[in-house]
>>> print(open('target05.tsv').read())   # TSV, N, CA and C atoms
chain	number	residue	atom	x	y	z
P	1	MET	N	-143.48	103.06	62.94
P	1	MET	CA	-142.37	102.33	62.38
P	1	MET	C	-142.68	102.05	60.91
P	2	SER	N	-141.78	102.43	60.04
P	2	SER	CA	-141.99	102.25	58.60
P	2	SER	C	-141.83	100.78	58.21
P	3	PHE	N	-142.29	100.46	57.02
P	3	PHE	CA	-142.22	99.09	56.52
P	3	PHE	C	-140.77	98.60	56.43
P	4	SER	N	-139.87	99.44	55.92
P	4	SER	CA	-138.47	99.03	55.79
P	4	SER	C	-137.83	98.81	57.16
P	5	SER	N	-138.22	99.58	58.16
P	5	SER	CA	-137.70	99.37	59.52
P	5	SER	C	-138.19	98.05	60.08
P	6	ARG	N	-139.45	97.73	59.83
P	6	ARG	CA	-140.00	96.45	60.29
P	6	ARG	C	-139.27	95.28	59.65
P	7	VAL	N	-139.04	95.40	58.35
P	7	VAL	CA	-138.31	94.34	57.64
P	7	VAL	C	-136.91	94.19	58.21
P	8	SER	N	-136.25	95.29	58.51
P	8	SER	CA	-134.91	95.23	59.09
P	8	SER	C	-134.91	94.56	60.45
P	9	VAL	N	-135.90	94.90	61.28
P	9	VAL	CA	-135.99	94.30	62.62
P	9	VAL	C	-136.27	92.81	62.50
P	10	ILE	N	-137.19	92.42	61.63
P	10	ILE	CA	-137.50	91.00	61.44
P	10	ILE	C	-136.28	90.25	60.93
P	11	SER	N	-135.57	90.84	59.99
P	11	SER	CA	-134.36	90.20	59.46
P	11	SER	C	-133.32	90.00	60.55
P	12	LEU	N	-133.15	91.01	61.40
P	12	LEU	CA	-132.18	90.92	62.49
P	12	LEU	C	-132.56	89.82	63.47
P	13	VAL	N	-133.85	89.76	63.83
P	13	VAL	CA	-134.32	88.74	64.77
P	13	VAL	C	-134.12	87.34	64.17
P	14	LEU	N	-134.46	87.17	62.89
P	14	LEU	CA	-134.26	85.89	62.23
P	14	LEU	C	-132.79	85.51	62.17
P	15	ALA	N	-131.95	86.47	61.83
P	15	ALA	CA	-130.52	86.19	61.74
P	15	ALA	C	-129.95	85.77	63.08
P	16	LEU	N	-130.33	86.45	64.14
P	16	LEU	CA	-129.84	86.09	65.48
P	16	LEU	C	-130.37	84.73	65.90
P	17	GLY	N	-131.63	84.48	65.61
P	17	GLY	CA	-132.21	83.18	65.95
P	17	GLY	C	-131.55	82.05	65.21
P	18	LEU	N	-131.34	82.24	63.92
P	18	LEU	CA	-130.71	81.20	63.12
P	18	LEU	C	-129.26	80.97	63.52
P	19	SER	N	-128.55	82.03	63.85
P	19	SER	CA	-127.15	81.86	64.24
P	19	SER	C	-127.07	81.10	65.57
P	20	GLY	N	-128.03	81.29	66.46
P	20	GLY	CA	-128.05	80.53	67.71
P	20	GLY	C	-128.31	79.07	67.46
P	21	CYS	N	-129.20	78.77	66.53
P	21	CYS	CA	-129.49	77.37	66.18
P	21	CYS	C	-128.28	76.73	65.53
P	22	THR	N	-127.63	77.46	64.67
P	22	THR	CA	-126.49	76.89	63.96
P	22	THR	C	-125.37	76.55	64.93
P	23	ALA	N	-125.18	77.38	65.92
P	23	ALA	CA	-124.10	77.13	66.87
P	23	ALA	C	-124.34	75.85	67.64
P	24	SER	N	-125.60	75.48	67.86
P	24	SER	CA	-125.88	74.28	68.64
P	24	SER	C	-125.68	73.00	67.83
P	25	TRP	N	-125.82	73.04	66.50
P	25	TRP	CA	-125.64	71.80	65.74
P	25	TRP	C	-124.47	71.84	64.77
P	26	ALA	N	-123.79	72.94	64.67
P	26	ALA	CA	-122.68	73.07	63.72
P	26	ALA	C	-121.57	72.05	63.91
P	27	PRO	N	-121.16	71.69	65.14
P	27	PRO	CA	-120.08	70.71	65.25
P	27	PRO	C	-120.46	69.34	64.71
P	28	GLN	N	-121.74	69.05	64.65
P	28	GLN	CA	-122.22	67.75	64.21
P	28	GLN	C	-122.43	67.70	62.70
P	29	VAL	N	-122.58	68.85	62.07
P	29	VAL	CA	-122.90	68.89	60.66
P	29	VAL	C	-121.66	68.60	59.81
P	30	ASN	N	-121.87	67.81	58.78
P	30	ASN	CA	-120.80	67.47	57.86
P	30	ASN	C	-121.38	67.59	56.45
P	31	PRO	N	-121.44	68.81	55.89
P	31	PRO	CA	-122.09	68.98	54.60
P	31	PRO	C	-121.38	68.27	53.45
P	32	MET	N	-120.12	68.04	53.58
P	32	MET	CA	-119.37	67.31	52.55
P	32	MET	C	-119.08	65.91	53.09
P	33	PRO	N	-119.08	64.92	52.23
P	33	PRO	CA	-118.75	63.58	52.72
P	33	PRO	C	-117.34	63.54	53.31
P	34	TYR	N	-117.22	62.89	54.43
P	34	TYR	CA	-115.93	62.70	55.09
P	34	TYR	C	-115.18	61.64	54.29
P	35	TYR	N	-113.90	61.84	54.06
P	35	TYR	CA	-113.15	60.80	53.35
P	35	TYR	C	-111.73	60.70	53.86
P	36	THR	N	-111.16	59.53	53.64
P	36	THR	CA	-109.77	59.27	53.97
P	36	THR	C	-109.30	58.14	53.07
P	37	TYR	N	-108.01	57.88	53.07
P	37	TYR	CA	-107.45	56.81	52.26
P	37	TYR	C	-106.81	55.76	53.17
P	38	TYR	N	-106.96	54.52	52.78
P	38	TYR	CA	-106.34	53.41	53.52
P	38	TYR	C	-105.33	52.71	52.61
P	39	PRO	N	-104.18	52.34	53.17
P	39	PRO	CA	-103.17	51.62	52.37
P	39	PRO	C	-103.47	50.13	52.33
P	40	ALA	N	-104.62	49.79	51.76
P	40	ALA	CA	-105.05	48.38	51.71
P	40	ALA	C	-105.98	48.18	50.52
P	41	SER	N	-106.17	46.93	50.17
P	41	SER	CA	-107.03	46.60	49.03
P	41	SER	C	-108.50	46.87	49.35
P	42	LEU	N	-109.30	46.92	48.31
P	42	LEU	CA	-110.73	47.13	48.46
P	42	LEU	C	-111.37	46.04	49.31
P	43	ALA	N	-110.95	44.81	49.14
P	43	ALA	CA	-111.51	43.69	49.92
P	43	ALA	C	-111.22	43.85	51.42
P	44	VAL	N	-110.01	44.24	51.76
P	44	VAL	CA	-109.63	44.42	53.17
P	44	VAL	C	-110.42	45.56	53.80
P	45	VAL	N	-110.55	46.68	53.08
P	45	VAL	CA	-111.27	47.84	53.62
P	45	VAL	C	-112.77	47.56	53.70
P	46	THR	N	-113.31	46.80	52.76
P	46	THR	CA	-114.73	46.43	52.82
P	46	THR	C	-115.00	45.59	54.06
P	47	ALA	N	-114.16	44.60	54.31
P	47	ALA	CA	-114.32	43.76	55.51
P	47	ALA	C	-114.21	44.60	56.78
P	48	ALA	N	-113.32	45.57	56.78
P	48	ALA	CA	-113.16	46.45	57.95
P	48	ALA	C	-114.41	47.29	58.17
P	49	ALA	N	-115.00	47.80	57.09
P	49	ALA	CA	-116.21	48.62	57.21
P	49	ALA	C	-117.36	47.80	57.77
P	50	GLU	N	-117.49	46.56	57.31
P	50	GLU	CA	-118.56	45.70	57.78
P	50	GLU	C	-118.43	45.39	59.27
P	51	LYS	N	-117.21	45.29	59.77
P	51	LYS	CA	-116.98	45.05	61.20
P	51	LYS	C	-117.07	46.34	62.02
P	52	ALA	N	-116.71	47.46	61.41
P	52	ALA	CA	-116.63	48.74	62.14
P	52	ALA	C	-118.00	49.27	62.55
P	53	LEU	N	-119.00	49.09	61.71
P	53	LEU	CA	-120.32	49.64	62.04
P	53	LEU	C	-120.84	49.14	63.38
P	54	PRO	N	-120.90	47.82	63.62
P	54	PRO	CA	-121.38	47.36	64.93
P	54	PRO	C	-120.49	47.83	66.09
P	55	GLN	N	-119.18	47.89	65.88
P	55	GLN	CA	-118.28	48.36	66.94
P	55	GLN	C	-118.53	49.82	67.29
P	56	ALA	N	-118.99	50.60	66.31
P	56	ALA	CA	-119.28	52.02	66.54
P	56	ALA	C	-120.71	52.22	67.04
P	57	GLY	N	-121.42	51.12	67.34
P	57	GLY	CA	-122.78	51.22	67.86
P	57	GLY	C	-123.84	51.42	66.79
P	58	MET	N	-123.51	51.02	65.57
P	58	MET	CA	-124.44	51.19	64.45
P	58	MET	C	-124.77	49.83	63.86
P	59	HIS	N	-125.73	49.81	62.95
P	59	HIS	CA	-126.19	48.55	62.37
P	59	HIS	C	-125.74	48.43	60.92
P	60	PHE	N	-125.10	47.32	60.60
P	60	PHE	CA	-124.68	47.00	59.24
P	60	PHE	C	-125.83	46.26	58.57
P	61	THR	N	-126.27	46.75	57.39
P	61	THR	CA	-127.37	46.08	56.69
P	61	THR	C	-126.95	45.40	55.39
P	62	GLY	N	-125.76	45.69	54.90
P	62	GLY	CA	-125.29	45.01	53.70
P	62	GLY	C	-124.30	45.82	52.91
P	63	SER	N	-123.65	45.13	51.98
P	63	SER	CA	-122.72	45.82	51.08
P	63	SER	C	-123.05	45.41	49.66
P	64	LYS	N	-122.70	46.28	48.74
P	64	LYS	CA	-123.06	46.08	47.34
P	64	LYS	C	-121.89	46.47	46.45
P	65	GLN	N	-121.49	45.58	45.56
P	65	GLN	CA	-120.43	45.87	44.59
P	65	GLN	C	-121.06	46.69	43.46
P	66	VAL	N	-120.74	47.97	43.38
P	66	VAL	CA	-121.32	48.87	42.39
P	66	VAL	C	-120.58	48.76	41.06
P	67	SER	N	-119.28	48.59	41.14
P	67	SER	CA	-118.44	48.42	39.96
P	67	SER	C	-117.22	47.61	40.41
P	68	PRO	N	-116.35	47.23	39.48
P	68	PRO	CA	-115.16	46.48	39.90
P	68	PRO	C	-114.27	47.23	40.90
P	69	THR	N	-114.38	48.56	40.94
P	69	THR	CA	-113.53	49.34	41.83
P	69	THR	C	-114.29	50.04	42.96
P	70	THR	N	-115.60	49.81	43.07
P	70	THR	CA	-116.39	50.52	44.07
P	70	THR	C	-117.36	49.59	44.80
P	71	VAL	N	-117.38	49.73	46.13
P	71	VAL	CA	-118.32	49.00	46.98
P	71	VAL	C	-119.06	50.02	47.84
P	72	GLU	N	-120.37	49.82	48.00
P	72	GLU	CA	-121.15	50.62	48.92
P	72	GLU	C	-121.49	49.76	50.12
P	73	VAL	N	-121.31	50.31	51.32
P	73	VAL	CA	-121.66	49.64	52.56
P	73	VAL	C	-122.80	50.43	53.17
P	74	HIS	N	-123.88	49.73	53.54
P	74	HIS	CA	-125.07	50.39	54.05
P	74	HIS	C	-125.36	49.98	55.49
P	75	GLY	N	-126.00	50.89	56.21
P	75	GLY	CA	-126.42	50.61	57.57
P	75	GLY	C	-127.26	51.75	58.08
P	76	TYR	N	-127.47	51.77	59.39
P	76	TYR	CA	-128.18	52.88	60.01
P	76	TYR	C	-127.68	53.05	61.43
P	77	ASP	N	-127.82	54.28	61.94
P	77	ASP	CA	-127.36	54.56	63.29
P	77	ASP	C	-128.49	54.34	64.29
P	78	ALA	N	-128.23	54.61	65.56
P	78	ALA	CA	-129.21	54.37	66.62
P	78	ALA	C	-130.47	55.22	66.45
P	79	GLU	N	-130.36	56.34	65.77
P	79	GLU	CA	-131.51	57.22	65.55
P	79	GLU	C	-132.27	56.88	64.27
P	80	GLY	N	-131.80	55.86	63.54
P	80	GLY	CA	-132.46	55.45	62.31
P	80	GLY	C	-131.99	56.17	61.07
P	81	ASN	N	-130.94	56.98	61.17
P	81	ASN	CA	-130.39	57.67	60.00
P	81	ASN	C	-129.62	56.70	59.12
P	82	ALA	N	-129.83	56.80	57.83
P	82	ALA	CA	-129.14	55.93	56.88
P	82	ALA	C	-127.65	56.23	56.84
P	83	ILE	N	-126.86	55.17	56.73
P	83	ILE	CA	-125.41	55.28	56.60
P	83	ILE	C	-125.04	54.80	55.21
P	84	LEU	N	-124.25	55.59	54.51
P	84	LEU	CA	-123.72	55.19	53.21
P	84	LEU	C	-122.22	55.37	53.23
P	85	ILE	N	-121.51	54.27	53.07
P	85	ILE	CA	-120.05	54.30	52.99
P	85	ILE	C	-119.68	53.89	51.57
P	86	ASN	N	-118.91	54.73	50.90
P	86	ASN	CA	-118.41	54.42	49.57
P	86	ASN	C	-116.94	54.07	49.68
P	87	LEU	N	-116.58	52.93	49.15
P	87	LEU	CA	-115.19	52.48	49.13
P	87	LEU	C	-114.77	52.36	47.67
P	88	THR	N	-113.71	53.06	47.32
P	88	THR	CA	-113.25	53.08	45.93
P	88	THR	C	-111.78	52.72	45.87
P	89	SER	N	-111.47	51.70	45.08
P	89	SER	CA	-110.08	51.29	44.90
P	89	SER	C	-109.37	52.33	44.05
P	90	LYS	N	-108.23	52.78	44.55
P	90	LYS	CA	-107.41	53.75	43.82
P	90	LYS	C	-106.11	53.12	43.34
P	91	GLY	N	-106.03	51.81	43.45
P	91	GLY	CA	-104.84	51.07	43.07
P	91	GLY	C	-104.88	49.72	43.78
P	92	ALA	N	-103.87	48.93	43.57
P	92	ALA	CA	-103.85	47.59	44.17
P	92	ALA	C	-103.88	47.63	45.69
P	93	ALA	N	-103.30	48.65	46.28
P	93	ALA	CA	-103.22	48.70	47.74
P	93	ALA	C	-103.62	50.06	48.31
P	94	VAL	N	-104.52	50.77	47.64
P	94	VAL	CA	-105.02	52.05	48.17
P	94	VAL	C	-106.53	52.09	47.93
P	95	THR	N	-107.26	52.37	49.01
P	95	THR	CA	-108.72	52.46	48.92
P	95	THR	C	-109.20	53.74	49.57
P	96	LYS	N	-110.06	54.47	48.86
P	96	LYS	CA	-110.65	55.70	49.39
P	96	LYS	C	-111.94	55.34	50.13
P	97	PHE	N	-112.06	55.86	51.34
P	97	PHE	CA	-113.25	55.69	52.18
P	97	PHE	C	-113.96	57.04	52.25
P	98	SER	N	-115.25	57.06	51.92
P	98	SER	CA	-116.04	58.27	52.16
P	98	SER	C	-117.36	57.82	52.77
P	99	ALA	N	-117.86	58.61	53.69
P	99	ALA	CA	-119.07	58.21	54.41
P	99	ALA	C	-119.97	59.39	54.68
P	100	ARG	N	-121.24	59.06	54.81
P	100	ARG	CA	-122.24	60.05	55.11
P	100	ARG	C	-123.34	59.37	55.92
P	101	ILE	N	-123.82	60.06	56.95
P	101	ILE	CA	-124.92	59.55	57.76
P	101	ILE	C	-126.04	60.58	57.72
P	102	GLY	N	-127.20	60.14	57.29
P	102	GLY	CA	-128.36	61.02	57.27
P	102	GLY	C	-128.17	62.20	56.35
P	103	LEU	N	-129.00	63.21	56.58
P	103	LEU	CA	-129.00	64.40	55.72
P	103	LEU	C	-127.80	65.30	55.96
P	104	TYR	N	-127.34	65.42	57.20
P	104	TYR	CA	-126.30	66.39	57.53
P	104	TYR	C	-124.92	65.79	57.73
P	105	GLY	N	-124.78	64.49	57.63
P	105	GLY	CA	-123.46	63.89	57.69
P	105	GLY	C	-123.04	63.31	59.02
P	106	HIS	N	-123.45	63.91	60.14
P	106	HIS	CA	-123.12	63.41	61.48
P	106	HIS	C	-121.63	63.10	61.61
P	107	LEU	N	-120.84	64.13	61.61
P	107	LEU	CA	-119.39	64.02	61.59
P	107	LEU	C	-118.83	63.15	62.72
P	108	GLN	N	-119.30	63.30	63.94
P	108	GLN	CA	-118.74	62.52	65.06
P	108	GLN	C	-118.96	61.03	64.86
P	109	GLU	N	-120.15	60.64	64.38
P	109	GLU	CA	-120.41	59.23	64.15
P	109	GLU	C	-119.56	58.68	63.01
P	110	VAL	N	-119.39	59.48	61.96
P	110	VAL	CA	-118.53	59.06	60.84
P	110	VAL	C	-117.11	58.86	61.34
P	111	GLN	N	-116.64	59.74	62.19
P	111	GLN	CA	-115.29	59.59	62.73
P	111	GLN	C	-115.18	58.36	63.63
P	112	GLN	N	-116.25	57.97	64.30
P	112	GLN	CA	-116.24	56.73	65.09
P	112	GLN	C	-116.07	55.53	64.17
P	113	ILE	N	-116.81	55.51	63.06
P	113	ILE	CA	-116.67	54.42	62.09
P	113	ILE	C	-115.24	54.38	61.57
P	114	GLU	N	-114.71	55.53	61.22
P	114	GLU	CA	-113.35	55.61	60.68
P	114	GLU	C	-112.32	55.13	61.69
P	115	HIS	N	-112.54	55.43	62.95
P	115	HIS	CA	-111.65	54.96	64.02
P	115	HIS	C	-111.58	53.44	64.03
P	116	TRP	N	-112.75	52.79	64.04
P	116	TRP	CA	-112.78	51.33	64.08
P	116	TRP	C	-112.25	50.73	62.79
P	117	MET	N	-112.52	51.36	61.66
P	117	MET	CA	-111.99	50.85	60.40
P	117	MET	C	-110.47	50.89	60.41
P	118	GLY	N	-109.91	51.97	60.92
P	118	GLY	CA	-108.45	52.07	61.00
P	118	GLY	C	-107.86	50.93	61.82
P	119	ARG	N	-108.53	50.57	62.90
P	119	ARG	CA	-108.03	49.46	63.73
P	119	ARG	C	-108.07	48.15	62.96
P	120	TYR	N	-109.19	47.88	62.27
P	120	TYR	CA	-109.31	46.62	61.53
P	120	TYR	C	-108.39	46.56	60.32
P	121	VAL	N	-108.24	47.66	59.62
P	121	VAL	CA	-107.31	47.70	58.48
P	121	VAL	C	-105.89	47.51	58.98
P	122	GLY	N	-105.55	48.16	60.08
P	122	GLY	CA	-104.21	48.02	60.67
P	122	GLY	C	-103.90	46.58	61.05
P	123	LYS	N	-104.88	45.90	61.66
P	123	LYS	CA	-104.68	44.49	62.01
P	123	LYS	C	-104.47	43.63	60.79
P	124	ALA	N	-105.27	43.88	59.75
P	124	ALA	CA	-105.15	43.09	58.50
P	124	ALA	C	-103.79	43.32	57.85
P	125	ILE	N	-103.33	44.55	57.84
P	125	ILE	CA	-102.04	44.86	57.22
P	125	ILE	C	-100.90	44.22	58.00
P	126	SER	N	-100.99	44.25	59.33
P	126	SER	CA	-99.91	43.72	60.15
P	126	SER	C	-99.78	42.20	60.05
P	127	ARG	N	-100.82	41.52	59.62
P	127	ARG	CA	-100.75	40.06	59.45
P	127	ARG	C	-99.95	39.66	58.23
P	128	HIS	N	-99.82	40.58	57.27
P	128	HIS	CA	-99.12	40.22	56.02
P	128	HIS	C	-97.70	40.64	56.02
>>> encode(input="target05.tsv", output="structure tokens")
Amino acid sequence: MSFSSRVSVISLVLALGLSGCTASWAPQVNPMPYYTYYPASLAVVTAAAEKALPQAGMHFTGSKQVSPTTVEVHGYDAEGNAILINLTSKGAAVTKFSARIGLYGHLQEVQQIEHWMGRYVGKAISRH
């Protein structure tokens, strides 16, 4: 077997192996931060994020006002992965939510947080 044939066989084996690995974790991977918009003020969405983490089975460790229009909410999941939620005011009553958990994003967990945030933001909006 020539050198180029060996390289081809090794490349094929690696490609097949890697594609099998990717298929097992691909639904969970979120390489880009997940984001959505809420029709509420930054204060309302920040309060919702702080309540949503424990409801989603995660730990809230604090929030930080980064600028007048941006708040970061921090926590960690059950596996110890860091959670970073960025909340950015886009107007008096519109706030952008983006979140990331750990290195790969953990899409399902981020969607759990977003689910609970939607409930809390909805309750706050309905009171006014």
>>> closest_residue(input="target05.tsv", among="P:Ala124, P:Ile85, P:Leu107, P:Ala49", to="Glu72 (chain P)", atoms="only N, CA and C atoms")
P:Ile85
>>> residues_around(input="target05.tsv", residues="Asp77 (chain P)", least_positions_apart="6", cutoff="10 Å", atoms="only C-alpha atoms", output="list in words")
Leu53, Pro54, Ala56, Gly57, Met58, His59, Phe60, Ile83, Ile101, Gly102, His106 and Glu109 of chain P
>>> residues_around(input="target05.tsv", residues="Leu87 (chain P)", least_positions_apart="6", cutoff="6 Å", atoms="only N, CA and C atoms", output="PDB file with N, CA and C atoms, keeping the file's coordinate frame")
ATOM      1  N   THR P  69    -114.380  48.560  40.940  1.00  0.00           N
ATOM      2  CA  THR P  69    -113.530  49.340  41.830  1.00  0.00           C
ATOM      3  C   THR P  69    -114.290  50.040  42.960  1.00  0.00           C
ATOM      4  N   THR P  70    -115.600  49.810  43.070  1.00  0.00           N
ATOM      5  CA  THR P  70    -116.390  50.520  44.070  1.00  0.00           C
ATOM      6  C   THR P  70    -117.360  49.590  44.800  1.00  0.00           C
ATOM      7  N   VAL P  71    -117.380  49.730  46.130  1.00  0.00           N
ATOM      8  CA  VAL P  71    -118.320  49.000  46.980  1.00  0.00           C
ATOM      9  C   VAL P  71    -119.060  50.020  47.840  1.00  0.00           C
ATOM     10  N   GLU P  72    -120.370  49.820  48.000  1.00  0.00           N
ATOM     11  CA  GLU P  72    -121.150  50.620  48.920  1.00  0.00           C
ATOM     12  C   GLU P  72    -121.490  49.760  50.120  1.00  0.00           C
ATOM     13  N   VAL P  73    -121.310  50.310  51.320  1.00  0.00           N
ATOM     14  CA  VAL P  73    -121.660  49.640  52.560  1.00  0.00           C
ATOM     15  C   VAL P  73    -122.800  50.430  53.170  1.00  0.00           C
ATOM     16  N   LYS P  96    -110.060  54.470  48.860  1.00  0.00           N
ATOM     17  CA  LYS P  96    -110.650  55.700  49.390  1.00  0.00           C
ATOM     18  C   LYS P  96    -111.940  55.340  50.130  1.00  0.00           C
ATOM     19  N   PHE P  97    -112.060  55.860  51.340  1.00  0.00           N
ATOM     20  CA  PHE P  97    -113.250  55.690  52.180  1.00  0.00           C
ATOM     21  C   PHE P  97    -113.960  57.040  52.250  1.00  0.00           C
ATOM     22  N   SER P  98    -115.250  57.060  51.920  1.00  0.00           N
ATOM     23  CA  SER P  98    -116.040  58.270  52.160  1.00  0.00           C
ATOM     24  C   SER P  98    -117.360  57.820  52.770  1.00  0.00           C
TER      25      SER P  98
END
>>> atom_distance(input="target05.tsv", atom1="CA of Ser126 (chain P)", atom2="atom C of Thr61 (chain P)")
27.5 Å
>>> closest_residue(input="target05.tsv", among="P:Trp116, P:Ala99, P:Lys51, P:Gln65", to="Tyr35 (chain P)", atoms="only N, CA and C atoms")
P:Ala99
>>> atom_distance(input="target05.tsv", atom1="CA of Val44 (chain P)", atom2="CA of Met117 (chain P)")
10.0 Å
>>> closest_residue(input="target05.tsv", among="P:Ser41, P:Leu84, P:Tyr76, P:Ala52", to="Glu114 (chain P)", atoms="all atoms listed in the file")
P:Ala52
>>> atom_distance(input="target05.tsv", atom1="CA of Ile113 (chain P)", atom2="atom C of Ala48 (chain P)")
8.4 Å
>>> residues_around(input="target05.tsv", residues="Pro39 (chain P)", least_positions_apart="6", cutoff="7 Å", atoms="only N, CA and C atoms", output="list in words")
Ala93, Val94 and Thr95 of chain P
>>> select_by_dssp(input="target05.tsv", residues="region 16-117 of chain P", states="strand (DSSP E)", output="PyMOL selection string")
chain P and resi 34-38+59-67+70-76+82-91+94-101
>>> decode(input="target05.tsv", residues="region 77-102 of chain P", atoms="N, CA and C atoms", output="PDB file, in the first residue's frame")
ATOM      1  N   ASP P  77     -24.896  25.803  35.147  1.00  0.00           N
ATOM      2  CA  ASP P  77     -25.858  24.715  35.046  1.00  0.00           C
ATOM      3  C   ASP P  77     -25.469  23.581  35.983  1.00  0.00           C
ATOM      4  N   ALA P  78     -26.225  22.498  35.959  1.00  0.00           N
ATOM      5  CA  ALA P  78     -25.994  21.369  36.862  1.00  0.00           C
ATOM      6  C   ALA P  78     -24.641  20.707  36.635  1.00  0.00           C
ATOM      7  N   GLU P  79     -24.092  20.842  35.436  1.00  0.00           N
ATOM      8  CA  GLU P  79     -22.790  20.247  35.119  1.00  0.00           C
ATOM      9  C   GLU P  79     -21.637  21.195  35.419  1.00  0.00           C
ATOM     10  N   GLY P  80     -21.942  22.396  35.911  1.00  0.00           N
ATOM     11  CA  GLY P  80     -20.904  23.365  36.234  1.00  0.00           C
ATOM     12  C   GLY P  80     -20.496  24.267  35.093  1.00  0.00           C
ATOM     13  N   ASN P  81     -21.204  24.209  33.963  1.00  0.00           N
ATOM     14  CA  ASN P  81     -20.897  25.082  32.825  1.00  0.00           C
ATOM     15  C   ASN P  81     -21.372  26.500  33.114  1.00  0.00           C
ATOM     16  N   ALA P  82     -20.545  27.467  32.778  1.00  0.00           N
ATOM     17  CA  ALA P  82     -20.891  28.871  32.994  1.00  0.00           C
ATOM     18  C   ALA P  82     -22.028  29.301  32.076  1.00  0.00           C
ATOM     19  N   ILE P  83     -22.913  30.116  32.630  1.00  0.00           N
ATOM     20  CA  ILE P  83     -24.026  30.688  31.868  1.00  0.00           C
ATOM     21  C   ILE P  83     -23.792  32.185  31.771  1.00  0.00           C
ATOM     22  N   LEU P  84     -23.890  32.712  30.565  1.00  0.00           N
ATOM     23  CA  LEU P  84     -23.805  34.150  30.356  1.00  0.00           C
ATOM     24  C   LEU P  84     -25.015  34.581  29.547  1.00  0.00           C
ATOM     25  N   ILE P  85     -25.822  35.433  30.151  1.00  0.00           N
ATOM     26  CA  ILE P  85     -26.987  36.005  29.481  1.00  0.00           C
ATOM     27  C   ILE P  85     -26.713  37.488  29.308  1.00  0.00           C
ATOM     28  N   ASN P  86     -26.798  37.962  28.078  1.00  0.00           N
ATOM     29  CA  ASN P  86     -26.653  39.388  27.790  1.00  0.00           C
ATOM     30  C   ASN P  86     -28.023  39.957  27.484  1.00  0.00           C
ATOM     31  N   LEU P  87     -28.370  41.004  28.178  1.00  0.00           N
ATOM     32  CA  LEU P  87     -29.639  41.702  27.959  1.00  0.00           C
ATOM     33  C   LEU P  87     -29.306  43.119  27.509  1.00  0.00           C
ATOM     34  N   THR P  88     -29.825  43.494  26.353  1.00  0.00           N
ATOM     35  CA  THR P  88     -29.520  44.803  25.783  1.00  0.00           C
ATOM     36  C   THR P  88     -30.810  45.527  25.444  1.00  0.00           C
ATOM     37  N   SER P  89     -30.962  46.723  25.990  1.00  0.00           N
ATOM     38  CA  SER P  89     -32.139  47.534  25.700  1.00  0.00           C
ATOM     39  C   SER P  89     -32.033  48.057  24.276  1.00  0.00           C
ATOM     40  N   LYS P  90     -33.104  47.852  23.518  1.00  0.00           N
ATOM     41  CA  LYS P  90     -33.161  48.336  22.143  1.00  0.00           C
ATOM     42  C   LYS P  90     -34.180  49.459  22.003  1.00  0.00           C
ATOM     43  N   GLY P  91     -34.655  49.947  23.124  1.00  0.00           N
ATOM     44  CA  GLY P  91     -35.658  51.004  23.155  1.00  0.00           C
ATOM     45  C   GLY P  91     -36.333  50.967  24.518  1.00  0.00           C
ATOM     46  N   ALA P  92     -37.288  51.830  24.718  1.00  0.00           N
ATOM     47  CA  ALA P  92     -37.964  51.901  26.018  1.00  0.00           C
ATOM     48  C   ALA P  92     -38.667  50.604  26.389  1.00  0.00           C
ATOM     49  N   ALA P  93     -39.155  49.888  25.404  1.00  0.00           N
ATOM     50  CA  ALA P  93     -39.916  48.676  25.702  1.00  0.00           C
ATOM     51  C   ALA P  93     -39.503  47.479  24.842  1.00  0.00           C
ATOM     52  N   VAL P  94     -38.232  47.422  24.443  1.00  0.00           N
ATOM     53  CA  VAL P  94     -37.731  46.267  23.691  1.00  0.00           C
ATOM     54  C   VAL P  94     -36.351  45.916  24.244  1.00  0.00           C
ATOM     55  N   THR P  95     -36.188  44.635  24.596  1.00  0.00           N
ATOM     56  CA  THR P  95     -34.906  44.160  25.128  1.00  0.00           C
ATOM     57  C   THR P  95     -34.479  42.909  24.391  1.00  0.00           C
ATOM     58  N   LYS P  96     -33.223  42.895  23.953  1.00  0.00           N
ATOM     59  CA  LYS P  96     -32.659  41.726  23.280  1.00  0.00           C
ATOM     60  C   LYS P  96     -32.048  40.802  24.337  1.00  0.00           C
ATOM     61  N   PHE P  97     -32.390  39.525  24.248  1.00  0.00           N
ATOM     62  CA  PHE P  97     -31.859  38.483  25.122  1.00  0.00           C
ATOM     63  C   PHE P  97     -30.934  37.605  24.288  1.00  0.00           C
ATOM     64  N   SER P  98     -29.703  37.418  24.737  1.00  0.00           N
ATOM     65  CA  SER P  98     -28.833  36.426  24.100  1.00  0.00           C
ATOM     66  C   SER P  98     -28.159  35.646  25.217  1.00  0.00           C
ATOM     67  N   ALA P  99     -27.978  34.362  24.986  1.00  0.00           N
ATOM     68  CA  ALA P  99     -27.432  33.511  26.039  1.00  0.00           C
ATOM     69  C   ALA P  99     -26.492  32.470  25.477  1.00  0.00           C
ATOM     70  N   ARG P 100     -25.596  32.049  26.337  1.00  0.00           N
ATOM     71  CA  ARG P 100     -24.637  31.022  25.994  1.00  0.00           C
ATOM     72  C   ARG P 100     -24.306  30.250  27.264  1.00  0.00           C
ATOM     73  N   ILE P 101     -24.223  28.933  27.135  1.00  0.00           N
ATOM     74  CA  ILE P 101     -23.843  28.084  28.260  1.00  0.00           C
ATOM     75  C   ILE P 101     -22.615  27.291  27.851  1.00  0.00           C
ATOM     76  N   GLY P 102     -21.557  27.424  28.616  1.00  0.00           N
ATOM     77  CA  GLY P 102     -20.349  26.665  28.351  1.00  0.00           C
ATOM     78  C   GLY P 102     -19.734  26.998  27.014  1.00  0.00           C
TER      79      GLY P 102
END
